[in-house]
Amino acid sequence: MAKTIFRCLSVFCLVAVVGLAHGAERVLKVGVIHHSPPMSYLEASGALTGFNVEIMRELCKEMAARCETVALTLDRVVDALADGEVDFAAVSLLVTPERRARILLTKPYFRSISVWFARPGIKPGEARVAVVKGSIQARYAQAHAWPIQPFDNHEAIFGALAAGRAEAALLPMANAVALRQDARALAQGLASTVLQDPELVGDAALGVNPRDRALLDKLNEAIDEIKGDGRFDRINTRFIPFRLQ
Amino acid sequence: MTNPAKPADAHRTWRAGRVLLALSCVFAVIAVGGVGWLAVDLYAVGVAAGRLQGETVPWTIERQRLGRNLEQLRLEGQRVLTAPSPAGRQDALFLVHMLSAQPGMADDPRTATLAAEVERFLQQVESPTTAADMRAWEALSSRLRLMADDLSVEGGKRMSRELVRMSGEMERASYKLLFNLALMAGFMAAFLLVVRRYLIRPLQRIRLVLSALDARGPEPAFPPEPMAEIRAVEDAIIRFHATLRENDEVRLRLERLATTDGLTGLFNRHHFMGLAADEMARAARYGRPITVGIADLDHFKQVNDSLGHAAGDHVLQTFARLLGDTLRQTDRVCRYGGEEFAFVFPETTPDEAQQLGERLRACLLESPPTLPDGRRLAVTFSLGLADASGCGLEDSLARADLGLYEAKRAGRNRTVVTGRPDGL
């Protein structure tokens with residue numbers, strides 16, 4: 001009799017422990033884009049890193065979730081979220097009504113501006129502008145009927161600019177800083193101008209699966225937490241030479 | 001003019017249940033009021049804490065980030081002026097543009113103005129830098145530093161202002177809490193006092209009265225109590241006491257009826273026989289002397305016939321009174337029937353009993369019965385006595401009866417002792 005009770009208790013404990021462990025650590029699929037320094041890129045060693053990647057890792061730690069990355073290109077991020085292919089995306093998305101209509105967006109974790117890069121003398125709209133497909137910059141250029149040169153990622157634009165295959169580019173602030181530090185691009189003597197149009201300036205947020213409002217709440221809480229306890233600023237310092245606000 | 005005195009029972013009474021309900025309602029209203037009064041401050045503390053955590057702390061951190069960017073702007077500006085290469089200068093200038101264009105920098109008019117000024121200055125400075133440029137830069141640099149200082153303490157100032165306000169609210173809440181606790185304690189004490197004074201004390205008094213309640217004692221008295229229930233119990237006790245007394249009186253009357261003769265007040269024959277048997281048993285147990293006797297009024301029938309039954313009754317009553325006055329307390333006497341009376345004299349030998357009988361006869365001669373019209377009746381009686389020690393009651397009475405018979409035969413108005421059958 002005692003043996004039976006002991007066995008039952010053991011099984012119950014095992015089930016409980018497994019259940020708790022399962023409940024404690026949820027597996028989340030996180031969309032990341034590669035080749036977009038300093039936000040997310042592959043190190044020489046092949047490891048994925050960058051501001052957004054490290055922020056994502058801290059958020060997952062804060063939410064006690066195991067996160068598995070899914071590589072995406074920027075133009076696929078909103079679709080992948082809307083289709084439920086990924087739970088959230090570690091990509092800075094400028095908040096627009098169109099994006100808000102299709103996916104959930106976290107609270108803004110910083111604000112961004114856009115920078116025009118071109119050979120000296122070329123004004124915005126005067127030359128074909130290199131943009132990343134699906135970016136807010138691409139949409140802006142198209143809206144202004146600028147000739148565009150679409151690329152899959154920012155590193156491709158950097159390469160094209162360095163190789164002289166592109167004359168101008170419209171980039172988000174953080175990528176602009178990275179380009180500025182790229183020796184090959186520097187050699188081309190590119191001039192930069194900050195564009196202050198409202199369509200290019202604004203809040204950057206993370207995209208979330210539109211059917212997972214609970215995850216959105218947890219992410220918002222986690223963002224508050226890491227912005228309050230210094231983890232956000234430490235990652236900021238590692239990847240960007242000034243404070244993102 | 002005087003007010004008519006109120007009767008003792010007319011004072012106002014209250015139902016304890018209603019009084020307790022009313023007290024509870026008052027208490028509940030006061031408690032709810034107190035808690036509500038306290039909740040206002042607790043809510044304010046909660047709001048303040050929420051604001052501190054949700055707004056002020058993030059705002060403070062943002063201020064520090066802005067301060068840090070100003071410092072970064074200063075460093076980049078310094079690099080623009082001192083960079084050894086044009087590339088380094090360009091790089092620094094790029095970051096100056098970036099920092100100046102930062103939305104965070106543009107939010108605050110003070111930083112926006114200063115950053116724009118710095119940006120303009122650095123853009124127009126040409127390489128190599130002149131001493132005048134450096135002086136102008138020093139001034140700007142100093143302003144940047146001071147503003148960074150200001151920004152980094154602004155958050156602290158705002159936080160401390162809010163904390164002071166919050167601690168004020170907390171202090172007020174704690175005073176209110178203390179006041180509420182004191183109020184509750186006071187109310188509880190008052191409640192207990194009321195219960196003690198108006199319920200427990202009267203109950204204790206009721207218990208005392210009940211434990212000492214006696215049918216022959218005085219009617220229990222209670223001070224006027226305001227609680228209706230207590231008053232009802234007290235009234236019931238008073239009624240109960242009255243019933244007890246009535247019952248006791250009835251019992252006594254019945255007992256008297258059962259044991260005494262209605263006309264003379266002496267014991268009746270039945271009761272006498274019981275008492276006599278007890279006395280006989282006691283005498284036999286301790287080997288003490290005991291004598292029984294039977295007396296009969298002489299010529300009583302003539303009194304009845306010539307003067308009427310009322311006169312006869314009067315004679316009987318007078319004789320009974322005489323017996324009561326003359327006999328000792330331990331002697332037992334009863335109206336045996338008609339004009340016959342039976343006696344038991346414990347601790348008495350026949351000789352002593354005879355002396356007693358003689359004394360009785362002398363008394364009757366001295367104070368004869370007097371009729372209401374003043375006529376005196378010469379009444380005598382004959383007495384037969386028998387030694388009853390060691391004998392049966394019936395047997396002894398029969399021997400006494402023999403003695404009575406002898407006395408009658410010998411001319412009445414005398415006492416005759418019948419000897420024991422065993423001749424002792």
# chains A, B, ... in the order shown; residues from 1 in each chain; ligands from 1
$ interface_residues --of "chain B" --to "chain A" --cutoff "12 Å" --atoms "only C-alpha atoms" --output "PyMOL selection string"
chain B and resi 53-76+86-88+90-107
$ select_by_dssp --residues "stretch 197-387 of chain B" --states "alpha helix (DSSP H)" --output "number ranges by chain"
B: 201-211, 228-259, 269-286, 300-307, 309-326, 350-366
$ select_by_dssp --residues "stretch 194-242 of chain A" --states "strand (DSSP E or B)" --output "ChimeraX atom specification"
/A:194-195,202-208
$ residues_around --residues "stretch 137-141 of chain A" --least-positions-apart "6" --cutoff "7 Å" --atoms "only C-alpha atoms" --output "ChimeraX atom specification"
/A:131,148,170-171,200
$ closest_residue --among "A:Leu216, A:Ile235, A:Ile223, A:Ala169" --to "A:Trp146" --atoms "only C-alpha atoms"
A:Ala169
$ atom_distance --atom1 "atom CA of A:Thr96" --atom2 "atom CA of A:Ile136"
8.9 Å
$ closest_residue --among "A:Ala185, A:Ala178, A:Ala214, A:Leu74" --to "A:Phe151" --atoms "only C-alpha atoms"
A:Leu74
$ residues_around --residues "B:Ala295" --least-positions-apart "3" --cutoff "8 Å" --atoms "only C-alpha atoms" --output "NGL selection string"
:B and (340-342 or 381-384 or 404)
$ write_last_selection --atoms "N, CA, C and O atoms" --output "PDB file, in the first residue's frame"
ATOM      1  N   GLU B 340     -63.262  12.652  73.633  1.00  0.00           N
ATOM      2  CA  GLU B 340     -62.118  11.873  74.106  1.00  0.00           C
ATOM      3  C   GLU B 340     -60.819  12.456  73.577  1.00  0.00           C
ATOM      4  O   GLU B 340     -60.748  12.848  72.422  1.00  0.00           O
ATOM      5  N   PHE B 341     -59.782  12.442  74.420  1.00  0.00           N
ATOM      6  CA  PHE B 341     -58.459  12.951  74.027  1.00  0.00           C
ATOM      7  C   PHE B 341     -57.432  11.898  74.385  1.00  0.00           C
ATOM      8  O   PHE B 341     -57.537  11.257  75.429  1.00  0.00           O
ATOM      9  N   ALA B 342     -56.413  11.695  73.486  1.00  0.00           N
ATOM     10  CA  ALA B 342     -55.366  10.712  73.775  1.00  0.00           C
ATOM     11  C   ALA B 342     -54.043  11.448  73.981  1.00  0.00           C
ATOM     12  O   ALA B 342     -53.831  12.522  73.410  1.00  0.00           O
ATOM     13  N   PHE B 381     -62.919  16.162  83.970  1.00  0.00           N
ATOM     14  CA  PHE B 381     -62.636  15.054  83.028  1.00  0.00           C
ATOM     15  C   PHE B 381     -62.042  13.894  83.806  1.00  0.00           C
ATOM     16  O   PHE B 381     -61.516  14.061  84.918  1.00  0.00           O
ATOM     17  N   SER B 382     -62.139  12.709  83.187  1.00  0.00           N
ATOM     18  CA  SER B 382     -61.537  11.514  83.785  1.00  0.00           C
ATOM     19  C   SER B 382     -60.376  11.105  82.891  1.00  0.00           C
ATOM     20  O   SER B 382     -60.421  11.278  81.676  1.00  0.00           O
ATOM     21  N   LEU B 383     -59.325  10.565  83.547  1.00  0.00           N
ATOM     22  CA  LEU B 383     -58.111  10.228  82.784  1.00  0.00           C
ATOM     23  C   LEU B 383     -57.657   8.832  83.147  1.00  0.00           C
ATOM     24  O   LEU B 383     -57.555   8.495  84.332  1.00  0.00           O
ATOM     25  N   GLY B 384     -57.405   8.024  82.104  1.00  0.00           N
ATOM     26  CA  GLY B 384     -56.805   6.716  82.328  1.00  0.00           C
ATOM     27  C   GLY B 384     -55.398   6.724  81.799  1.00  0.00           C
ATOM     28  O   GLY B 384     -55.160   7.200  80.691  1.00  0.00           O
ATOM     29  N   LEU B 404     -59.469   4.616  82.196  1.00  0.00           N
ATOM     30  CA  LEU B 404     -60.509   5.632  82.042  1.00  0.00           C
ATOM     31  C   LEU B 404     -61.861   5.059  82.505  1.00  0.00           C
ATOM     32  O   LEU B 404     -62.622   5.711  83.235  1.00  0.00           O
TER      33      LEU B 404
END
$ atom_distance --atom1 "atom CA of B:Val344" --atom2 "atom CA of B:Phe319"
17.0 Å
$ residues_around --residues "A:Gly31" --least-positions-apart "5" --cutoff "10 Å" --atoms "only C-alpha atoms" --output "VMD selection string"
chain A and resid 53 67 to 74 76 to 78 80 to 81 85 to 91 207 to 208
